[in-house]
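Peer 1: final.pdb is reproduced in full below (PDB, C-alpha atoms).
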ATOM      1  CA  MET Y   1     -34.902 256.899 156.053
ATOM      2  CA  ARG Y   2     -33.458 256.438 152.576
ATOM      3  CA  ARG Y   3     -35.150 253.031 152.180
ATOM      4  CA  PHE Y   4     -38.513 254.573 153.183
ATOM      5  CA  TRP Y   5     -38.120 257.349 150.588
ATOM      6  CA  LEU Y   6     -37.303 254.876 147.800
ATOM      7  CA  THR Y   7     -40.260 252.645 148.718
ATOM      8  CA  THR Y   8     -42.630 255.615 148.854
ATOM      9  CA  THR Y   9     -41.341 256.924 145.528
ATOM     10  CA  ALA Y  10     -41.813 253.499 143.926
ATOM     11  CA  LEU Y  11     -45.363 253.234 145.303
ATOM     12  CA  ILE Y  12     -46.273 256.616 143.869
ATOM     13  CA  ALA Y  13     -44.511 256.196 140.513
ATOM     14  CA  ALA Y  14     -45.707 252.659 139.702
ATOM     15  CA  PRO Y  15     -49.401 253.530 139.174
ATOM     16  CA  MET Y  16     -48.482 256.566 137.056
ATOM     17  CA  LEU Y  17     -46.193 254.449 134.893
ATOM     18  CA  ALA Y  18     -48.920 251.830 134.498
ATOM     19  CA  LEU Y  19     -51.401 254.497 133.404
ATOM     20  CA  SER Y  20     -49.016 255.951 130.849
ATOM     21  CA  HIS Y  21     -48.542 252.528 129.232
ATOM     22  CA  GLY Y  22     -52.047 251.134 129.806
ATOM     23  CA  GLN Y  23     -54.659 250.367 127.210
ATOM     24  CA  ALA Y  24     -56.952 253.045 125.822
ATOM     25  CA  GLY Y  25     -59.789 251.927 128.101
ATOM     26  CA  ASP Y  26     -57.509 252.575 131.089
ATOM     27  CA  PHE Y  27     -57.233 256.251 130.173
ATOM     28  CA  PRO Y  28     -58.358 258.374 133.128
ATOM     29  CA  THR Y  29     -61.140 260.606 131.826
ATOM     30  CA  GLU Y  30     -61.619 264.159 132.986
ATOM     31  CA  PRO Y  31     -64.397 264.900 135.530
ATOM     32  CA  GLY Y  32     -67.835 264.488 133.942
ATOM     33  CA  PHE Y  33     -66.537 262.536 130.921
ATOM     34  CA  VAL Y  34     -67.274 258.872 130.285
ATOM     35  CA  SER Y  35     -65.476 256.554 127.885
ATOM     36  CA  LEU Y  36     -67.098 255.607 124.554
ATOM     37  CA  PHE Y  37     -64.367 253.112 123.637
ATOM     38  CA  ASN Y  38     -63.000 250.656 126.179
ATOM     39  CA  GLY Y  39     -59.824 249.769 124.226
ATOM     40  CA  LYS Y  40     -60.649 246.047 124.391
ATOM     41  CA  ASN Y  41     -63.567 245.567 121.996
ATOM     42  CA  LEU Y  42     -66.390 247.403 120.232
ATOM     43  CA  ASP Y  43     -68.946 247.282 123.055
ATOM     44  CA  GLY Y  44     -71.350 250.202 122.648
ATOM     45  CA  TRP Y  45     -70.844 250.352 118.851
ATOM     46  CA  ARG Y  46     -72.667 249.017 115.789
ATOM     47  CA  GLN Y  47     -72.222 248.965 112.043
ATOM     48  CA  ALA Y  48     -73.812 252.132 110.712
ATOM     49  CA  LYS Y  49     -75.004 250.821 107.345
ATOM     50  CA  GLY Y  50     -77.154 247.880 106.316
ATOM     51  CA  ASN Y  51     -78.464 245.772 109.167
ATOM     52  CA  LYS Y  52     -76.723 247.926 111.833
ATOM     53  CA  GLU Y  53     -75.183 244.824 113.387
ATOM     54  CA  LEU Y  54     -74.278 245.296 117.058
ATOM     55  CA  LEU Y  55     -70.558 244.909 117.696
ATOM     56  CA  GLU Y  56     -70.754 243.881 121.372
ATOM     57  CA  GLY Y  57     -67.789 241.697 122.322
ATOM     58  CA  LYS Y  58     -66.246 241.938 118.840
ATOM     59  CA  THR Y  59     -62.773 243.272 118.122
ATOM     60  CA  GLU Y  60     -63.368 244.101 114.462
ATOM     61  CA  ALA Y  61     -66.009 245.232 112.000
ATOM     62  CA  TYR Y  62     -66.317 245.039 108.211
ATOM     63  CA  ARG Y  63     -63.814 242.152 107.831
ATOM     64  CA  GLY Y  64     -61.149 244.087 109.752
ATOM     65  CA  ARG Y  65     -61.597 247.542 108.222
ATOM     66  CA  PHE Y  66     -62.069 248.654 111.847
ATOM     67  CA  LYS Y  67     -60.198 246.659 114.469
ATOM     68  CA  VAL Y  68     -59.100 246.957 118.067
ATOM     69  CA  GLN Y  69     -55.346 246.447 118.508
ATOM     70  CA  GLY Y  70     -53.335 247.232 121.621
ATOM     71  CA  GLY Y  71     -56.050 249.409 123.118
ATOM     72  CA  VAL Y  72     -56.478 251.468 119.940
ATOM     73  CA  LEU Y  73     -59.219 251.543 117.293
ATOM     74  CA  VAL Y  74     -57.409 251.069 113.979
ATOM     75  CA  ILE Y  75     -58.721 251.886 110.509
ATOM     76  CA  ASP Y  76     -56.860 249.448 108.279
ATOM     77  CA  PRO Y  77     -56.397 250.713 104.699
ATOM     78  CA  ALA Y  78     -55.421 247.208 103.516
ATOM     79  CA  VAL Y  79     -59.071 246.173 103.922
ATOM     80  CA  PRO Y  80     -61.078 247.854 101.144
ATOM     81  CA  GLY Y  81     -64.398 249.559 101.637
ATOM     82  CA  ASP Y  82     -66.071 252.810 102.579
ATOM     83  CA  SER Y  83     -67.344 251.688 105.996
ATOM     84  CA  TYR Y  84     -68.991 253.297 109.016
ATOM     85  CA  ILE Y  85     -69.395 252.427 112.685
ATOM     86  CA  GLU Y  86     -71.449 254.400 115.186
ATOM     87  CA  THR Y  87     -72.191 254.479 118.880
ATOM     88  CA  THR Y  88     -75.372 252.774 120.018
ATOM     89  CA  ARG Y  89     -75.916 255.859 122.152
ATOM     90  CA  GLU Y  90     -77.350 259.051 120.634
ATOM     91  CA  PHE Y  91     -76.477 262.612 121.601
ATOM     92  CA  GLY Y  92     -79.183 265.263 121.440
ATOM     93  CA  LYS Y  93     -78.234 267.658 124.225
ATOM     94  CA  ASP Y  94     -75.211 269.871 124.580
ATOM     95  CA  VAL Y  95     -72.264 267.520 124.352
ATOM     96  CA  HIS Y  96     -68.466 267.581 124.434
ATOM     97  CA  VAL Y  97     -66.627 264.740 122.668
ATOM     98  CA  LYS Y  98     -62.853 264.248 122.903
ATOM     99  CA  LEU Y  99     -60.672 261.712 121.154
ATOM    100  CA  ASP Y 100     -57.027 261.245 120.321
ATOM    101  CA  PHE Y 101     -56.262 260.409 116.700
ATOM    102  CA  LYS Y 102     -53.169 259.566 114.709
ATOM    103  CA  PRO Y 103     -53.505 259.888 110.934
ATOM    104  CA  GLY Y 104     -51.527 257.488 108.806
ATOM    105  CA  PRO Y 105     -50.525 257.571 105.140
ATOM    106  CA  LYS Y 106     -53.207 258.991 102.824
ATOM    107  CA  CYS Y 107     -55.628 259.535 105.732
ATOM    108  CA  ASN Y 108     -59.004 260.935 104.672
ATOM    109  CA  ASN Y 109     -61.468 259.682 107.258
ATOM    110  CA  ASP Y 110     -64.457 261.372 108.874
ATOM    111  CA  ILE Y 111     -66.239 261.908 112.177
ATOM    112  CA  PHE Y 112     -69.973 262.675 112.133
ATOM    113  CA  LEU Y 113     -72.124 264.158 114.902
ATOM    114  CA  ARG Y 114     -75.399 266.103 114.908
ATOM    115  CA  GLY Y 115     -75.509 266.748 111.163
ATOM    116  CA  SER Y 116     -71.839 267.661 110.884
ATOM    117  CA  LYS Y 117     -69.150 265.815 108.929
ATOM    118  CA  TYR Y 118     -65.566 266.516 109.939
ATOM    119  CA  ASP Y 119     -62.838 265.380 107.525
ATOM    120  CA  ILE Y 120     -59.507 264.330 108.995
ATOM    121  CA  VAL Y 121     -57.005 264.989 106.212
ATOM    122  CA  PRO Y 122     -53.466 265.959 107.257
ATOM    123  CA  GLY Y 123     -52.291 269.133 105.541
ATOM    124  CA  ASN Y 124     -55.711 270.379 104.368
ATOM    125  CA  LYS Y 125     -56.967 273.866 105.304
ATOM    126  CA  GLU Y 126     -58.360 272.703 108.670
ATOM    127  CA  HIS Y 127     -55.333 270.509 109.439
ATOM    128  CA  LYS Y 128     -52.400 272.392 107.949
ATOM    129  CA  ASP Y 129     -50.300 271.628 111.065
ATOM    130  CA  VAL Y 130     -51.441 267.978 111.382
ATOM    131  CA  LYS Y 131     -48.771 265.476 110.333
ATOM    132  CA  GLU Y 132     -49.033 261.772 109.595
ATOM    133  CA  GLY Y 133     -47.844 259.508 112.395
ATOM    134  CA  GLN Y 134     -48.401 261.964 115.275
ATOM    135  CA  TRP Y 135     -51.129 261.949 117.948
ATOM    136  CA  TYR Y 136     -53.588 264.863 118.172
ATOM    137  CA  THR Y 137     -56.643 265.580 120.311
ATOM    138  CA  LEU Y 138     -59.907 266.359 118.524
ATOM    139  CA  GLU Y 139     -62.753 267.990 120.423
ATOM    140  CA  ILE Y 140     -66.305 268.322 119.138
ATOM    141  CA  ILE Y 141     -68.360 270.706 121.257
ATOM    142  CA  VAL Y 142     -72.101 271.186 120.724
ATOM    143  CA  SER Y 143     -73.669 274.064 122.640
ATOM    144  CA  GLY Y 144     -77.212 274.942 121.609
ATOM    145  CA  ASP Y 145     -77.137 275.082 117.818
ATOM    146  CA  LYS Y 146     -73.400 275.854 117.632
ATOM    147  CA  LEU Y 147     -70.911 273.083 116.825
ATOM    148  CA  GLU Y 148     -67.188 273.684 117.259
ATOM    149  CA  HIS Y 149     -64.250 271.462 116.262
ATOM    150  CA  LYS Y 150     -60.860 271.880 117.918
ATOM    151  CA  VAL Y 151     -57.534 270.161 117.286
ATOM    152  CA  ASN Y 152     -55.052 270.402 120.168
ATOM    153  CA  GLY Y 153     -57.124 273.225 121.662
ATOM    154  CA  GLN Y 154     -57.235 275.357 118.494
ATOM    155  CA  THR Y 155     -60.618 275.925 116.829
ATOM    156  CA  THR Y 156     -60.484 274.617 113.271
ATOM    157  CA  ARG Y 157     -64.149 275.008 112.340
ATOM    158  CA  THR Y 158     -67.502 276.168 113.665
ATOM    159  CA  SER Y 159     -70.839 275.304 112.139
ATOM    160  CA  LYS Y 160     -74.496 274.875 112.968
ATOM    161  CA  ALA Y 161     -75.439 271.704 114.832
ATOM    162  CA  GLY Y 162     -78.481 269.733 113.782
ATOM    163  CA  SER Y 163     -81.277 269.652 116.350
ATOM    164  CA  LYS Y 164     -81.905 265.912 115.985
ATOM    165  CA  ALA Y 165     -80.090 263.478 118.314
ATOM    166  CA  THR Y 166     -77.529 261.329 116.476
ATOM    167  CA  PRO Y 167     -74.895 258.762 117.342
ATOM    168  CA  LEU Y 168     -71.219 259.587 116.945
ATOM    169  CA  MET Y 169     -70.145 257.985 113.674
ATOM    170  CA  ILE Y 170     -66.665 257.178 112.351
ATOM    171  CA  ARG Y 171     -66.125 256.682 108.636
ATOM    172  CA  ALA Y 172     -63.240 254.685 107.210
ATOM    173  CA  GLU Y 173     -62.956 256.243 103.761
ATOM    174  CA  PHE Y 174     -59.275 256.297 102.725
ATOM    175  CA  GLY Y 175     -55.942 255.657 104.375
ATOM    176  CA  ALA Y 176     -54.947 254.671 107.879
ATOM    177  CA  MET Y 177     -55.968 256.241 111.168
ATOM    178  CA  GLU Y 178     -55.847 255.266 114.831
ATOM    179  CA  ILE Y 179     -58.185 256.465 117.593
ATOM    180  CA  LYS Y 180     -57.924 256.161 121.364
ATOM    181  CA  ASN Y 181     -59.202 257.808 124.535
ATOM    182  CA  LEU Y 182     -62.655 258.450 123.039
ATOM    183  CA  ARG Y 183     -64.789 260.113 125.702
ATOM    184  CA  VAL Y 184     -67.915 262.231 126.062
ATOM    185  CA  LYS Y 185     -69.585 264.594 128.490
ATOM    186  CA  GLU Y 186     -73.215 265.580 128.127
ATOM    187  CA  GLU Y 187     -74.221 268.915 129.592
TER     188      GLU Y 187
END
What is this file in structure tokens?

Peer 2:
Amino acid sequence: MRRFWLTTTALIAAPMLALSHGQAGDFPTEPGFVSLFNGKNLDGWRQAKGNKELLEGKTEAYRGRFKVQGGVLVIDPAVPGDSYIETTREFGKDVHVKLDFKPGPKCNNDIFLRGSKYDIVPGNKEHKDVKEGQWYTLEIIVSGDKLEHKVNGQTTRTSKAGSKATPLMIRAEFGAMEIKNLRVKEE
């Protein structure tokens, strides 16, 4: 009986352990959500300025300003430039975006959706409890013409959403930041 219990426990625990240490693309999304970042490459993304080069199959953009490392999208501050990437998909309906982010030293990077720019700056008025080097969950919820931003479940800002469909855009402005578990649900 003891051997059976240990085997059963191992069979149940092994998949959970694998999920907790898996790549970002292995993250189990909540019902109705789909992944926007697979943790392996930049499929579904393009450069947002200039020729809007598709990033299918690539693991970096703008000479490494954005790069995929260990299942995470990394904004590398050692590579200069004010650069943008965006999804190839546009969002014009009610939408709920979730992502996990970890700001690094001197982080001042942005997320854009439906006419709204959201600055991620640890310690500013919207992020007074956000610290460098820790993971947080950002939610962007568009319902009708209302746009709400939440960090770890707490509303940090509400604004009016633009009516025009837009991609989700990430701006590498200053400092380091990491992003994983990027997912979306359209209503």

Peer 1: Which residue, Y:Val151, Y:Ile170, Y:Leu42, Y:Leu182, has the smallest gap to Y:Asp82 when you use only C-alpha atoms?

Peer 2: Y:Ile170

Peer 1: What does the structure give for the distance between atom CA of Y:Glu126 and atom CA of Y:His96, in Å to one decimal?

Peer 2: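 Pair atom CA of Y:Glu126 / atom CA of Y:His96 returns 19.4 Å.
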
Peer 1: Quick one: which residues end up in the PyMOL selection byres ((chain Y and resi 104-112) around 8) for this structure, as a ChimeraX atom specification?

Peer 2: /Y:102-103,113-122,132-133,168-178

Peer 1: Taking all atoms listed in the file into account, name the residue in Y:Gly39, Y:Gly57, Y:Pro167, Y:Gly32 that is nearest to Y:Gln69.

Peer 2: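 Using all atoms listed in the file, Y:Gln69 sits closest to Y:Gly39.
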
Peer 1: Going by the chain IDs and residue numbers used in this file, which residues fall under the PyMOL selection byres ((chain Y and resi 162) around 7)? Write them as number ranges by chain.

Peer 2: Y: 114-115, 145, 160-161, 163-164

Peer 1: Of the candidates Y:Arg183, Y:Asn41, Y:Val95, Y:Lys128, which shows the shortest atom-to-atom distance to Y:Ile141, using all atoms listed in the file?

Peer 2: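 Result for the nearest residue to Y:Ile141: Y:Val95.
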
Peer 1: Looking at Y:Lys150, Y:Lys185, Y:Lys49, Y:Lys40, which one is nearest to Y:Asp100, with distances taken over all atoms listed in the file?

Peer 2: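 Answer, going by the shortest atom-to-atom distance: Y:Lys150.
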
Peer 1: Please, what is the axis-aligned box for every listed atom of stretch 141-156 of chain Y with 6 Å on each side, as centre and edge lengths in Å to one decimal, as lines of an AutoDock Vina configuration file?

Peer 2:
center_x = -66.1
center_y = 273.0
center_z = 118.0
size_x = 34.2
size_y = 17.8
size_z = 21.4

Peer 1: One decimal, Å: what's the distance from atom CA of Y:Ser143 over to atom CA of Y:Thr87, could you say?

Peer 2: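 Pair atom CA of Y:Ser143 / atom CA of Y:Thr87 returns 20.0 Å.
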
Peer 1: Just how far from atom CA of Y:Gly123 is atom CA of Y:Val184, in Å to one decimal?

Peer 2: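 Result for atom CA of Y:Val184 versus atom CA of Y:Gly123: 26.7 Å, one decimal.
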
Peer 1: Identify which of the residues Y:Val34, Y:Val68, Y:Ala165, Y:Ile75 lies closest to Y:Lys93, counting all atoms listed in the file when measuring atom-to-atom distances.

Peer 2: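 Answer, going by the shortest atom-to-atom distance: Y:Ala165.
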
Peer 1: Please return, as an NGL selection string, all polymer residues that have at least one atom within 12 Å of the point (-57.8, 275.1, 115.6); use only C-alpha atoms and the file's own coordinate frame.

Peer 2: :Y and (125-130 or 136-140 or 148-158)

Peer 1: Show me, as a PyMOL selection string, the residues that have an atom within 7 Å of Y:Gly144 when counting all atoms listed in the file, minus same-chain residues fewer than 2 positions from it.

Peer 2: chain Y and resi 94+142+146

Peer 1: Please produce a file of the residues just selected, as a PDB file, in the coordinates of the input, where the atoms kept are C-alpha atoms.

Peer 2:
ATOM      1  CA  ASP Y  94     -75.211 269.871 124.580  1.00  0.00           C
ATOM      2  CA  VAL Y 142     -72.101 271.186 120.724  1.00  0.00           C
ATOM      3  CA  LYS Y 146     -73.400 275.854 117.632  1.00  0.00           C
TER       4      LYS Y 146
END
